[in-house]
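Engineer: Below you'll find the structure I mean.
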4 protein chains.
Amino acid sequence: MGKIESNKKRKKNTLFQTAFELFKEKGFAKTTISDIVNRAGLAKGTFYLYFKDKYDLRDKLISHKTGQLFEQAHAALESRLEQDPSVSLENFEDKLLFILDYIIEILQNDKGLLRFISKNLSWGIFRNAMHKNVSGPGESGQDFYQYVKDQMEKDRFYCEEPELMLFTITELVGATCYSCIIYESPVTMDRYLPWLHQSVSRILDMYSHP
Amino acid sequence: MGKIESNKKRKKNTLFQTAFELFKEKGFAKTTISDIVNRAGLAKGTFYLYFKDKYDLRDKLISHKTGQLFEQAHAALESRLEQDPSVSLENFEDKLLFILDYIIEILQNDKGLLRFISKNLSWGIFRNAMHKNVSGPGESGQDFYQYVKDQMEKDRFYCEEPELMLFTITELVGATCYSCIIYESPVTMDRYLPWLHQSVSRILDMYSHP
Amino acid sequence: MGKIESNKKRKKNTLFQTAFELFKEKGFAKTTISDIVNRAGLAKGTFYLYFKDKYDLRDKLISHKTGQLFEQAHAALESRLEQDPSVSLENFEDKLLFILDYIIEILQNDKGLLRFISKNLSWGIFRNAMHKNVSGPGESGQDFYQYVKDQMEKDRFYCEEPELMLFTITELVGATCYSCIIYESPVTMDRYLPWLHQSVSRILDMYSHP
Amino acid sequence: MGKIESNKKRKKNTLFQTAFELFKEKGFAKTTISDIVNRAGLAKGTFYLYFKDKYDLRDKLISHKTGQLFEQAHAALESRLEQDPSVSLENFEDKLLFILDYIIEILQNDKGLLRFISKNLSWGIFRNAMHKNVSGPGESGQDFYQYVKDQMEKDRFYCEEPELMLFTITELVGATCYSCIIYESPVTMDRYLPWLHQSVSRILDMYSHP
DNA sequence: GATGAATGAGCCTTCATTCAT
DNA sequence: GATGAATGAAGGCTCATTCAT
């Protein structure tokens with residue numbers, strides 16, 4: 001029956017959502033399964049109906065949340081392109097920087113999220129293959145990768161090794177943002193941002209003229 | 001008498017060493033304090049004479065091991081410069097790349113070390129200031145930073161923001177190496193290395209001609 | 001189903017009973033939670049399902065045992081009044097002394113109980129208000145207080161401040177009995193008893209003719 | 001050498017004093033030997049040079065502090081008698097009440113002291129015999145008992161069983177004060193005091209006209 | 001006498017996991 | 001499918017005590 005099905009889905013989602021809140025509040029290590037089911041209003045045994053253990057849940061969640069992040073950024077870009085079709089953002093670099101800025105801003109405003117995703121930003125994009133049954137609601141790592149490639153083509157941005165380019169940039173952005181936002185070390189994000197832009201720009205340039 | 005003092009130092013070091021082995025073997029989370037003291041042949045209480053808890057030990061160890069890594073790299077570079085004074089390595093970029101290659105090679109051959117240091121490569125360099133009494137045996141984070149600056153001056157490499165330059169490069173190297181070496185994803189380290197070199201090169205260039 | 005419910009009740013009671021035995025045998029401080037659950041044949045975790053910690057258990061137990069004591073005394077008095085309706089015990093003072101003697105005799109024969117209750121005799125009566133959710137099985141502190149007041153009324157014993165009267169007597173009896181029974185100091189209980197009776201008598205008199 | 005002797009005495013006294021402070025601050029159970037020696041500025045081993053263990057120290061301390069309390073009260077009474085020889089305080093009852101009031105006031109102003117002495121007020125007086133080598137600095141339990149007897153004689157207060165009389169009163173006062181001062185239950189000390197005076201008065205009367 | 005590093009038994013407590021209901 | 005009581009291994013940590021210096 002569809003009713004039962006959707007009921008199951010809802011429970012799983014409640015667990016996802018509740019766990020995410022708690023991971024942000026108290027950190028992964030200090031969140032117990034009891035915490036999660038208590039707040040979710042479910043029984044402890046129920047947890048094991050949906051997830052193998054806490055780590056399983058975490059991995060699926062990271063994957064899901066990073067995917068969501070890229071999805072939002074992508075949507076934001078699209079809506080911007082529609083609104084303002086004439087000007088700017090007409091080349092790939094601008095688009096990529098727009099996406100990065102968008103993501104960085106979200107992370108700046110949600111340090112809990114950043115802390116949780118930790119340095120696994122690129123995970124959702126590149127490691128999905130490894131964890132096949134990562135089945136959070138609607139994965140989009142590969143989709144995002146494809147989307148980026150489509151954009152490059154549309155903007156006639158020739159890229160030697162698109163995957164490596166994207167990898168390099170994601171890792172750089174992920175690692176430096178983490179440090180600047182969470183520790184404000186060696187400088188704040190605001191102060192680092194111009195330098196990050198330039199670095200990305202140069203890396204892009206390099207992959208297109210290797 | 002110095003006997004007691006040196007005895008204490010030795011015990012602390014045994015703990016350091018043993019913990020490091022275990023963290024590499026079983027990972028940090030699965031290593032218990034019991035494991036450590038058992039293998040070290042000490043009593044449990046002794047652990048708490050030297051460290052606040054497992055996390056304290058880990059942080060000091062990361063700091064120590066990253067410091068050591070840079071120290072080795074630095075020493076290798078110096079010895080290379082002595083051996084071969086005439087040729088190459090005469091500019092800052094070459095030296096920096098030499099150091100990175102040296103470190104990467106160590107990490108490639110010691111995945112346990114890499115896994116342990118995780119993505120905290122730059123930690124030892126930039127976060128030391130925050131954790132002043134991180135007093136693993138002979139810290140060198142700041143020393144390394146100073147060393148790099150000295151080299152820049154000697155080679156007349158003008159750099160706008162040396163700290164940010166170093167930060168950017170360390171984070172980039174740390175994050176990408178981790179992925180390439182541990183997961184071989186998206187590519188192996190060997191395949192990624194040329195691209196990494198180039199990225200570093202461009203970033204260097206950027207900070208000297210901003 | 002009530003089966004689970006009654007099972008829980010039984011477990012809690014087992015814990016209560018076992019702890020009480022051990023506290024009497026070895027004293028509170030030297031009894032560990034391990035001791036309790038071992039003898040009770042339960043798992044350690046089970047303890048924490050029912051009590052916050054050892055102190056929580058102790059407080060509930062003291063409250064419960066003092067309550068029980070008064071309950072027994074009360075029951076004994078009632079049964080005595082039924083058996084022998086004509087004579088004696090017709091005034092409040094006699095009844096009160098009957099109760100005290102009854103309690104003292106129990107304590108004399110169960111030094112472990114006395115040691116455990118220690119000097120907290122009046123606790124069950126007067127401190128219950130403070131620890132509302134002290135819910136050992138069937139509390140009776142307040143009930144006993146009410147019972148005493150009912151008796152006073154029935155016997156037309158006018159009392160200025162019944163609460164203070166009861167307080168004074170309980171504390172006096174509790175403290176002196178403890179010393180005489182446990183330490184036999186300054187004299188044995190048997191030798192002290194007549195004096196205690198007189199003291200109680202005078203105190204009673206005082207509260208009724210202040 | 002006297003110097004060494006006095007040095008030892010000083011250390012023991014420091015331990016006494018420091019332990020007392022800590023017992024008052026954190027309670028006996030939560031005070032560790034480490035706490036004591038740390039604050040005293042001595043080494044851990046030194047503790048064991050002077051006391052068998054924490055319990056030994058506590059018992060000596062209770063004995064000492066209760067003794068001191070009676071000593072102060074006694075001194076206060078004497079000085080009052082000197083100042084004001086003509087009037088009042090000419091009978092034993094007044095003197096005893098003076099002493100009780102004096103002690104109660106001290107305890108009201110030093111709840112830590114009361115909590116520590118707990119309900120062991122009479123301890124110092126009657127249990128000293130049991131703990132022969134209770135050798136805190138200058139014991140006075142027996143002295144006080146003797147002092148009281150001397151006063152009775154002087155005031156021609158005939159008493160059947162002076163020891164039991166004193167015992168009864170000390171236990172009554174100790175137990176009720178503890179409850180009224182610490183818990184303010186069932187009433188505050190101020191409200192209870194008149195009743196306590198009367199009770200004492202009646203008990204005195206009883207022992208002199210049994 | 002004084003020290004304090006070292007000990008290690010043993011404490012309390014947590015928590016992932018199971019399974020009868 | 002859902003529950004949550006029960007488990008018990010394992011954890012971190014404390015602290016009284018000892019003893020070589």
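Convention: chains lettered A, B, ... in structure tokens order; per-chain residue numbering from 1; ligands numbered from 1 as shown.
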Dump as a PDB file with C-alpha atoms, in the first residue's frame the residues of chain D that approach chain E to within 10 Å, counting only C-alpha atoms (C1' of nucleotides).

Structural biologist:
```pdb
ATOM      1  CA  ILE D   4      62.160  20.246  63.719  1.00  0.00           C
ATOM      2  CA  LYS D   8      56.311  18.962  62.088  1.00  0.00           C
ATOM      3  CA  LEU D  42      52.834  19.807  50.569  1.00  0.00           C
ATOM      4  CA  ALA D  43      53.637  16.566  48.873  1.00  0.00           C
ATOM      5  CA  LYS D  44      51.187  13.738  48.770  1.00  0.00           C
ATOM      6  CA  GLY D  45      53.394  11.405  50.691  1.00  0.00           C
ATOM      7  CA  THR D  46      53.592  13.877  53.534  1.00  0.00           C
ATOM      8  CA  LEU D  49      53.247  10.845  57.627  1.00  0.00           C
TER       9      LEU D  49
END
```

Engineer: Give me the residues of chain A that have any atom at most 8 Å from an atom of chain B; for each, the nearest atom pair and the distance in Å, rounded to one decimal. Use only C-alpha atoms, sort by chain and number, and format it as a Markdown table.

Structural biologist:
```
| residue | atom | partner | partner_atom | distance |
| --- | --- | --- | --- | --- |
| A:Lys119 | CA | B:Lys119 | CA | 7.9 |
| A:Phe126 | CA | B:Pro186 | CA | 6.6 |
| A:Arg127 | CA | B:Ser185 | CA | 7.4 |
| A:Glu163 | CA | B:Pro186 | CA | 7.5 |
| A:Leu164 | CA | B:Pro186 | CA | 7.2 |
| A:Phe167 | CA | B:Pro186 | CA | 7.5 |
| A:Thr168 | CA | B:Thr176 | CA | 6.9 |
| A:Glu171 | CA | B:Ala175 | CA | 5.8 |
| A:Leu172 | CA | B:Leu172 | CA | 4.9 |
| A:Ala175 | CA | B:Glu171 | CA | 5.8 |
| A:Thr176 | CA | B:Glu171 | CA | 6.3 |
| A:Ser185 | CA | B:Phe126 | CA | 7.3 |
| A:Pro186 | CA | B:Phe126 | CA | 6.6 |
| A:Tyr192 | CA | B:Leu164 | CA | 8.0 |
| A:Gln198 | CA | B:Met206 | CA | 7.7 |
| A:Ser199 | CA | B:Ile203 | CA | 6.1 |
| A:Arg202 | CA | B:Arg202 | CA | 6.5 |
| A:Ile203 | CA | B:Ser199 | CA | 6.1 |
| A:Met206 | CA | B:Ser199 | CA | 7.5 |
```

Engineer: Fit chain B to chain D, using all C-alpha atoms paired in sequence order for the least-squares superposition, and then show me the result as a compact mmCIF listing (two decimals) with C-alpha atoms, in the first residue's frame.

Structural biologist:
```txt
# COMPACT_ATOMS: atom_id res chain seq x y z
CA MET B 1 66.12 20.46 68.55
CA GLY B 2 62.64 21.86 68.93
CA LYS B 3 62.78 23.30 65.46
CA ILE B 4 61.96 20.04 63.78
CA GLU B 5 59.30 19.31 66.31
CA SER B 6 57.57 22.64 65.83
CA ASN B 7 57.88 22.23 62.11
CA LYS B 8 56.03 18.97 62.29
CA LYS B 9 53.33 20.50 64.40
CA ARG B 10 52.96 23.28 61.89
CA LYS B 11 52.63 20.88 59.00
CA LYS B 12 50.03 18.84 60.77
CA ASN B 13 48.12 21.98 61.53
CA THR B 14 48.30 23.19 57.97
CA LEU B 15 46.85 19.89 56.89
CA PHE B 16 44.12 20.19 59.50
CA GLN B 17 43.24 23.70 58.49
CA THR B 18 43.32 23.08 54.76
CA ALA B 19 41.27 19.94 55.00
CA PHE B 20 38.71 21.76 57.09
CA GLU B 21 38.36 24.48 54.48
CA LEU B 22 37.93 21.96 51.72
CA PHE B 23 35.47 19.83 53.62
CA LYS B 24 33.38 22.90 54.17
CA GLU B 25 33.65 23.99 50.55
CA LYS B 26 33.12 20.74 48.71
CA GLY B 27 32.00 18.32 51.35
CA PHE B 28 33.95 15.43 52.73
CA ALA B 29 33.17 12.86 50.06
CA LYS B 30 34.23 15.09 47.20
CA THR B 31 37.45 16.25 48.80
CA THR B 32 40.42 14.17 47.80
CA ILE B 33 43.73 13.87 49.51
CA SER B 34 45.26 15.39 46.43
CA ASP B 35 43.07 18.45 46.90
CA ILE B 36 44.23 18.80 50.45
CA VAL B 37 47.96 18.48 49.90
CA ASN B 38 47.85 20.59 46.79
CA ARG B 39 46.28 23.49 48.57
CA ALA B 40 48.47 22.95 51.61
CA GLY B 41 51.53 23.07 49.38
CA LEU B 42 52.82 19.75 50.64
CA ALA B 43 53.65 16.46 49.03
CA LYS B 44 51.15 13.66 49.00
CA GLY B 45 53.35 11.40 51.02
CA THR B 46 53.46 13.97 53.76
CA PHE B 47 49.79 13.48 54.38
CA TYR B 48 50.36 9.88 55.30
CA LEU B 49 53.02 10.88 57.77
CA TYR B 50 50.36 12.48 59.89
CA PHE B 51 47.13 10.68 59.17
CA LYS B 52 46.17 7.14 58.40
CA ASP B 53 43.69 8.18 55.75
CA LYS B 54 40.99 10.67 54.97
CA TYR B 55 38.66 9.20 57.56
CA ASP B 56 41.24 9.44 60.27
CA LEU B 57 41.71 13.09 59.48
CA ARG B 58 37.98 13.70 59.47
CA ASP B 59 37.41 12.05 62.82
CA LYS B 60 40.21 13.97 64.44
CA LEU B 61 38.90 17.13 62.88
CA ILE B 62 35.35 16.63 64.08
CA SER B 63 36.63 15.91 67.51
CA HIS B 64 38.81 18.98 67.41
CA LYS B 65 36.19 21.32 66.04
CA THR B 66 33.45 20.27 68.42
CA GLY B 67 35.90 20.63 71.26
CA GLN B 68 36.79 24.08 70.04
CA LEU B 69 33.16 25.02 69.84
CA PHE B 70 32.53 24.11 73.45
CA GLU B 71 35.70 25.82 74.45
CA GLN B 72 34.63 29.05 72.84
CA ALA B 73 31.23 28.81 74.42
CA HIS B 74 32.77 28.18 77.78
CA ALA B 75 35.14 31.09 77.38
CA ALA B 76 32.29 33.35 76.33
CA LEU B 77 30.32 32.38 79.37
CA GLU B 78 33.23 32.98 81.67
CA SER B 79 33.93 36.37 80.22
CA ARG B 80 30.25 37.24 80.49
CA LEU B 81 30.19 36.20 84.11
CA GLU B 82 33.15 38.40 84.84
CA GLN B 83 31.74 41.40 83.06
CA ASP B 84 28.38 41.15 84.64
CA PRO B 85 28.76 39.45 87.97
CA SER B 86 25.73 40.83 89.67
CA VAL B 87 22.87 39.82 87.55
CA SER B 88 21.30 36.90 85.85
CA LEU B 89 23.03 33.77 84.76
CA GLU B 90 23.18 32.87 88.34
CA ASN B 91 21.61 29.53 87.96
CA PHE B 92 22.70 26.52 86.02
CA GLU B 93 19.85 26.58 83.56
CA ASP B 94 20.61 30.09 82.45
CA LYS B 95 24.21 29.21 81.96
CA LEU B 96 23.43 26.15 79.93
CA LEU B 97 21.04 28.03 77.73
CA PHE B 98 23.62 30.74 77.27
CA ILE B 99 26.07 28.17 76.03
CA LEU B 100 23.56 26.57 73.69
CA ASP B 101 22.56 29.91 72.25
CA TYR B 102 26.15 30.80 71.76
CA ILE B 103 26.88 27.58 69.91
CA ILE B 104 23.72 27.80 67.84
CA GLU B 105 24.63 31.27 66.75
CA ILE B 106 28.03 30.16 65.60
CA LEU B 107 26.52 27.32 63.67
CA GLN B 108 23.96 29.58 62.09
CA ASN B 109 26.73 31.80 60.83
CA ASP B 110 28.87 28.95 59.65
CA LYS B 111 26.74 26.43 57.87
CA GLY B 112 29.84 24.80 56.46
CA LEU B 113 30.93 24.02 59.97
CA LEU B 114 27.52 22.70 60.87
CA ARG B 115 27.36 20.56 57.76
CA PHE B 116 30.77 19.15 58.55
CA ILE B 117 30.12 18.46 62.21
CA SER B 118 26.85 17.14 60.92
CA LYS B 119 25.05 15.45 63.71
CA ASN B 120 28.18 14.63 65.60
CA LEU B 121 27.92 17.37 68.14
CA SER B 122 27.94 15.10 71.11
CA TRP B 123 30.69 13.02 69.62
CA GLY B 124 33.43 15.21 70.94
CA ILE B 125 32.02 14.97 74.38
CA PHE B 126 31.08 11.37 74.75
CA ARG B 127 33.02 9.42 72.24
CA ASN B 128 36.41 10.79 73.08
CA ALA B 129 36.91 8.14 75.66
CA MET B 130 36.72 5.53 72.93
CA HIS B 131 39.21 7.17 70.63
CA LYS B 132 41.91 7.93 73.08
CA ASN B 133 44.67 8.95 70.76
CA VAL B 134 42.46 11.38 68.97
CA SER B 135 44.99 14.07 69.42
CA GLY B 136 43.95 17.07 67.51
CA PRO B 137 45.49 20.16 69.03
CA GLY B 138 44.21 20.41 72.58
CA GLU B 139 41.17 18.24 73.13
CA SER B 140 38.51 19.33 75.48
CA GLY B 141 35.58 16.95 75.33
CA GLN B 142 36.09 15.55 78.75
CA ASP B 143 37.11 18.96 79.98
CA PHE B 144 33.83 20.39 78.90
CA TYR B 145 31.91 17.64 80.59
CA GLN B 146 33.82 18.30 83.76
CA TYR B 147 33.21 22.01 83.44
CA VAL B 148 29.47 21.46 83.22
CA LYS B 149 29.54 19.30 86.29
CA ASP B 150 31.51 21.91 88.18
CA GLN B 151 28.96 24.53 87.29
CA MET B 152 26.12 22.33 88.46
CA GLU B 153 27.76 21.89 91.77
CA LYS B 154 28.50 25.57 92.17
CA ASP B 155 24.92 26.45 91.38
CA ARG B 156 23.64 23.69 93.59
CA PHE B 157 21.85 22.14 90.73
CA TYR B 158 21.24 18.59 91.74
CA CYS B 159 21.15 16.24 88.82
CA GLU B 160 20.32 12.57 88.86
CA GLU B 161 22.36 11.46 85.86
CA PRO B 162 24.36 14.38 84.58
CA GLU B 163 25.82 12.41 81.74
CA LEU B 164 22.46 11.34 80.40
CA MET B 165 21.07 14.81 80.85
CA LEU B 166 23.90 16.29 78.83
CA PHE B 167 23.61 13.55 76.24
CA THR B 168 19.90 14.10 75.78
CA ILE B 169 20.28 17.81 75.39
CA THR B 170 23.23 17.67 73.04
CA GLU B 171 21.57 15.18 70.78
CA LEU B 172 18.36 17.10 70.74
CA VAL B 173 20.04 20.39 70.01
CA GLY B 174 22.39 18.92 67.45
CA ALA B 175 19.74 17.13 65.47
CA THR B 176 17.12 19.85 65.45
CA CYS B 177 19.56 22.65 64.70
CA TYR B 178 20.91 20.74 61.77
CA SER B 179 17.51 20.45 60.24
CA CYS B 180 16.35 23.96 61.00
CA ILE B 181 19.53 25.67 59.92
CA ILE B 182 20.50 23.62 56.90
CA TYR B 183 17.09 22.79 55.47
CA GLU B 184 14.99 25.41 57.26
CA SER B 185 12.64 22.55 57.74
CA PRO B 186 10.17 22.21 59.31
CA VAL B 187 10.81 25.82 60.35
CA THR B 188 13.72 28.24 60.52
CA MET B 189 16.02 28.22 63.47
CA ASP B 190 14.73 31.54 64.66
CA ARG B 191 11.22 30.25 64.85
CA TYR B 192 12.26 27.03 66.49
CA LEU B 193 14.53 28.52 69.08
CA PRO B 194 11.90 29.38 71.72
CA TRP B 195 10.54 25.88 71.55
CA LEU B 196 13.99 24.44 71.84
CA HIS B 197 14.65 26.54 74.91
CA GLN B 198 11.56 25.22 76.51
CA SER B 199 12.36 21.64 75.65
CA VAL B 200 15.78 21.99 77.17
CA SER B 201 14.30 23.60 80.21
CA ARG B 202 11.89 20.75 80.73
CA ILE B 203 14.51 18.14 80.23
CA LEU B 204 16.73 19.84 82.78
CA ASP B 205 13.90 20.00 85.20
CA MET B 206 13.17 16.36 84.68
CA TYR B 207 16.71 15.24 85.48
CA SER B 208 16.73 17.29 88.64
CA HIS B 209 13.29 16.04 89.74
CA PRO B 210 13.01 12.70 88.18
```

Engineer: Would you give me, as JSON, numbers by chain, the residues in range 57-128 of chain C that DSSP reads as alpha helix (DSSP H)?

Structural biologist: {"C": [57, 58, 59, 60, 61, 62, 63, 64, 65, 66, 67, 68, 69, 70, 71, 72, 73, 74, 75, 76, 77, 78, 79, 80, 81, 82, 83, 92, 93, 94, 95, 96, 97, 98, 99, 100, 101, 102, 103, 104, 105, 106, 107, 108, 109, 111, 112, 113, 114, 115, 116, 117, 123, 124, 125, 126]}

Engineer: Could you please select, counting only C-alpha atoms (C1' of nucleotides), the residues of chain F within 8 Å of chain C and state them as a PDB file with N, CA and C atoms (P, O5', C5', C4', C3', O3' and C1' of nucleotides), in the first residue's frame?

Structural biologist:
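Printed below is part.pdb as written:
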```pdb
ATOM      1  P    DA F   6      13.275  -4.150  31.863  1.00  0.00           P
ATOM      2  O5'  DA F   6      14.559  -4.743  31.153  1.00  0.00           O
ATOM      3  C5'  DA F   6      14.453  -6.021  30.509  1.00  0.00           C
ATOM      4  C4'  DA F   6      15.787  -6.359  29.887  1.00  0.00           C
ATOM      5  C3'  DA F   6      16.981  -6.225  30.847  1.00  0.00           C
ATOM      6  O3'  DA F   6      17.520  -7.516  31.042  1.00  0.00           O
ATOM      7  C1'  DA F   6      17.430  -5.249  28.705  1.00  0.00           C
ATOM      8  P    DT F   7      18.790  -7.693  31.943  1.00  0.00           P
ATOM      9  O5'  DT F   7      19.943  -7.544  30.875  1.00  0.00           O
ATOM     10  C5'  DT F   7      19.945  -8.429  29.747  1.00  0.00           C
ATOM     11  C4'  DT F   7      20.993  -7.981  28.761  1.00  0.00           C
ATOM     12  C3'  DT F   7      22.401  -7.953  29.350  1.00  0.00           C
ATOM     13  O3'  DT F   7      23.121  -9.024  28.798  1.00  0.00           O
ATOM     14  C1'  DT F   7      21.967  -6.094  27.926  1.00  0.00           C
ATOM     15  P    DG F   8      23.969  -9.954  29.667  1.00  0.00           P
ATOM     16  O5'  DG F   8      25.374  -9.241  29.439  1.00  0.00           O
ATOM     17  C5'  DG F   8      25.866  -9.107  28.107  1.00  0.00           C
ATOM     18  C4'  DG F   8      26.988  -8.088  28.115  1.00  0.00           C
ATOM     19  C3'  DG F   8      27.883  -8.145  29.363  1.00  0.00           C
ATOM     20  O3'  DG F   8      29.204  -7.823  28.971  1.00  0.00           O
ATOM     21  C1'  DG F   8      27.031  -6.012  29.138  1.00  0.00           C
TER      22       DG F   8
END
```
